[in-house]
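A quick write-up on the structure given underneath.
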Amino acid sequence: FSFAILLTSGFTTSKEENGSQGLKKTGSALLFEALTKTESMRANFEHEQISNSGKTVIFKGSIVFKRPDRLKWQVKEPYKQLQLVRGNQFLVYDPDLEQVIVKELDSTFSSTPASLLFASGPEASDFLRERYEIYEAPSKDSLNWVLALPRFGDKEGSSALEVGLTDKAEIERLITTDVFGKSSTIIFSNVSTNFIVKDSEFIPVIPEGVEYIEN
């Protein structure tokens, strides 16, 4: 999945933002609008990945996000798994393996789709422009697309991000492509934003007897 990159650099301000009414906003303008206004988010997701054997695997589940540093990624199909980000801590609970892995986030986190949500807030524009070159991309599937290329290349395991947004500045699709050309697609549905999320939402319920592994 690739786009022809238009000859733009960084954030392209739309004519609508410059005072002209009735003109369509650019994808980058919609992206920064979405991130700037998002305090919390809840949605269902479908996550399509290509396995090492070349087989397509589709994961289904739900996501809950709260600024500045809380994220819950609950996989429900084809198996159950819980992934939690709380500050600098990343926790993965696998019920089938009866195992919990806890580790600190490293610099590679900044190149993941989750980091895009963590960039939300008043400083979203500066955060993204520091890490990515932002380009406009052609509209596709009734979405406005933005291509974000990592400034640090493969030094930090960075992946290119393609973001599909609605005209209402809602992130509906995320595509990552790593340095080996392997892609991953996330589609969000039933999205709701800016509601009250209690911190208890991000406390995992783990039964006794589960093995804990700390990295």
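We label chains A, B, ... in the order they appear in the structure tokens, count residues from 1 in each chain, and number ligands from 1 in the order shown.
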
Can you pull out the residues contacting Gln49 (chain A)? Cut-off 7 Å, using only C-alpha atoms, and skip same-chain residues under 4 positions away; I want them as a ChimeraX atom specification. /A:56-58,183-185

Would you please give, as a compact mmCIF listing (two decimals) with C-alpha atoms, in the first residue's frame, all residues of chain A that DSSP assigns to strand (DSSP E or B) based on the backbone?
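Contents of selection_20.txt, freshly written:
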# COMPACT_ATOMS: atom_id res chain seq x y z
CA SER A 40 -9.76 10.57 25.32
CA MET A 41 -10.93 7.96 22.84
CA ARG A 42 -12.83 4.69 22.81
CA ALA A 43 -13.32 2.52 19.71
CA ASN A 44 -13.47 -0.96 18.26
CA PHE A 45 -10.64 -2.02 15.98
CA GLU A 46 -9.66 -4.51 13.31
CA HIS A 47 -5.90 -4.97 13.04
CA GLU A 48 -4.61 -6.73 9.95
CA GLN A 49 -1.05 -8.06 10.08
CA ILE A 50 1.08 -10.25 7.85
CA THR A 56 -2.79 -12.51 6.87
CA VAL A 57 -4.05 -12.42 10.46
CA ILE A 58 -6.89 -10.15 11.58
CA PHE A 59 -7.18 -9.19 15.24
CA LYS A 60 -10.40 -7.69 16.61
CA GLY A 61 -10.97 -5.89 19.87
CA SER A 62 -11.33 -2.53 21.56
CA ILE A 63 -9.16 0.42 22.51
CA VAL A 64 -9.43 3.01 25.26
CA PHE A 65 -7.08 6.00 25.38
CA LYS A 66 -6.67 8.86 27.84
CA ARG A 70 -2.88 5.78 29.33
CA LEU A 71 -3.84 3.22 26.68
CA LYS A 72 -5.74 -0.08 26.85
CA TRP A 73 -5.60 -2.39 23.82
CA GLN A 74 -7.92 -5.37 24.36
CA VAL A 75 -7.65 -8.16 21.78
CA LYS A 76 -10.75 -10.37 21.71
CA GLU A 77 -10.27 -12.37 18.47
CA GLN A 81 -4.78 -10.59 25.06
CA LEU A 82 -4.54 -7.37 27.04
CA GLN A 83 -1.96 -4.67 26.35
CA LEU A 84 -1.68 -1.68 28.68
CA VAL A 85 0.44 1.44 28.54
CA ARG A 86 0.66 3.41 31.79
CA GLN A 89 5.26 0.97 31.65
CA PHE A 90 4.06 -1.51 29.03
CA LEU A 91 2.15 -4.58 30.24
CA VAL A 92 0.99 -7.57 28.20
CA TYR A 93 -1.33 -10.16 29.76
CA ASP A 94 -1.89 -13.41 27.87
CA GLN A 99 1.63 -14.97 31.73
CA VAL A 100 2.18 -11.23 32.25
CA ILE A 101 5.12 -9.41 30.72
CA VAL A 102 6.03 -5.98 32.08
CA LYS A 103 8.70 -3.73 30.62
CA GLU A 104 9.61 -0.10 30.20
CA TYR A 132 8.15 12.99 11.13
CA GLU A 133 8.12 14.64 7.75
CA ILE A 134 4.42 15.17 7.03
CA TYR A 135 3.11 14.88 3.46
CA GLU A 136 -0.30 15.17 1.86
CA ALA A 137 -1.51 12.05 0.04
CA PRO A 138 -4.38 11.42 -2.40
CA SER A 139 -7.87 10.75 -1.01
CA LYS A 140 -8.85 7.08 -0.96
CA LEU A 143 -10.83 9.33 3.59
CA ASN A 144 -8.25 12.11 3.65
CA TRP A 145 -4.74 10.66 3.85
CA VAL A 146 -1.49 11.85 5.36
CA LEU A 147 1.89 10.17 5.05
CA ALA A 148 4.33 10.57 7.95
CA LEU A 149 7.93 9.54 7.28
CA PRO A 150 10.25 9.18 10.30
CA ALA A 160 6.28 5.05 8.08
CA LEU A 161 2.72 5.96 9.08
CA GLU A 162 -0.24 6.48 6.75
CA VAL A 163 -3.25 8.06 8.45
CA GLY A 164 -6.78 8.10 7.01
CA LEU A 165 -9.14 10.75 8.42
CA ILE A 171 -8.80 9.07 12.68
CA GLU A 172 -10.36 6.02 11.06
CA ARG A 173 -7.42 4.10 9.63
CA LEU A 174 -3.70 3.69 10.39
CA ILE A 175 -1.18 1.88 8.20
CA THR A 176 2.43 1.28 9.22
CA THR A 177 5.22 0.09 6.96
CA SER A 183 2.73 -3.41 6.53
CA SER A 184 0.07 -3.43 9.22
CA THR A 185 -3.41 -1.88 8.98
CA ILE A 186 -5.69 -0.74 11.82
CA ILE A 187 -9.32 0.24 11.16
CA PHE A 188 -11.30 1.99 13.90
CA SER A 189 -15.09 1.89 14.20
CA ASN A 190 -17.71 3.12 16.70
CA VAL A 191 -15.32 5.87 17.71
CA SER A 192 -16.21 8.18 20.62
CA THR A 193 -13.92 10.90 21.96
CA GLU A 211 3.56 -15.87 35.93
CA TYR A 212 5.09 -12.38 35.93
CA ILE A 213 8.08 -11.60 33.73
CA GLU A 214 9.84 -8.24 33.99

Give the alpha helix (DSSP H) residues of region 124-177 of chain A, as DSSP finds them on the backbone, and put them as number ranges by chain. A: 124-131

Please provide the set of residues having any atom within 8 Å of region 117-128 of chain A, restricted to only C-alpha atoms, with same-chain residues fewer than 2 positions apart removed, written as a compact mmCIF listing (two decimals) with N, CA and C atoms, in the first residue's frame.
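To be explicit, this is the file written out as result-v8.txt:
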# COMPACT_ATOMS: atom_id res chain seq x y z
N PHE A 11 3.75 20.76 7.80
CA PHE A 11 2.32 20.99 7.93
C PHE A 11 1.86 21.94 6.85
N PHE A 32 -3.88 17.30 12.55
CA PHE A 32 -3.52 18.12 13.70
C PHE A 32 -4.76 18.57 14.47
N ALA A 34 -7.50 16.73 14.75
CA ALA A 34 -7.92 15.55 15.48
C ALA A 34 -7.10 15.35 16.74
N LEU A 35 -5.79 15.48 16.61
CA LEU A 35 -4.92 15.24 17.75
C LEU A 35 -5.02 16.35 18.79
N THR A 36 -5.17 17.59 18.33
CA THR A 36 -5.24 18.71 19.26
C THR A 36 -6.48 18.64 20.15
N LYS A 37 -7.59 18.17 19.58
CA LYS A 37 -8.84 18.19 20.34
C LYS A 37 -9.11 16.90 21.11
N THR A 38 -8.31 15.85 20.90
CA THR A 38 -8.58 14.56 21.51
C THR A 38 -7.99 14.46 22.91
N GLU A 39 -8.85 14.34 23.90
CA GLU A 39 -8.43 14.12 25.28
C GLU A 39 -8.57 12.65 25.66
N PHE A 65 -8.25 5.12 25.25
CA PHE A 65 -7.08 6.00 25.38
C PHE A 65 -7.45 7.22 26.22
N ARG A 67 -5.40 10.88 27.58
CA ARG A 67 -4.20 11.70 27.70
C ARG A 67 -3.83 11.85 29.17
N PRO A 68 -2.52 11.95 29.49
CA PRO A 68 -1.44 12.00 28.50
C PRO A 68 -0.76 10.66 28.21
N ASP A 69 -1.02 9.63 29.04
CA ASP A 69 -0.18 8.43 28.90
C ASP A 69 -0.87 7.14 29.33
N PRO A 113 1.82 3.16 15.98
CA PRO A 113 0.55 3.87 15.87
C PRO A 113 0.07 4.44 17.20
N ALA A 114 0.35 3.73 18.30
CA ALA A 114 -0.08 4.22 19.61
C ALA A 114 0.54 5.57 19.93
N SER A 115 1.78 5.78 19.49
CA SER A 115 2.45 7.04 19.79
C SER A 115 1.75 8.22 19.14
N GLU A 130 8.57 17.18 14.89
CA GLU A 130 9.90 16.86 15.41
C GLU A 130 10.31 15.46 15.01
N ARG A 131 9.35 14.55 14.87
CA ARG A 131 9.64 13.14 14.62
C ARG A 131 9.39 12.69 13.18
N TYR A 132 8.53 13.42 12.47
CA TYR A 132 8.15 12.99 11.13
C TYR A 132 8.19 14.13 10.12

Please report the interatomic distance between CA of Gly181 (chain A) and CA of Ser159 (chain A) in Å with one decimal. 9.3 Å
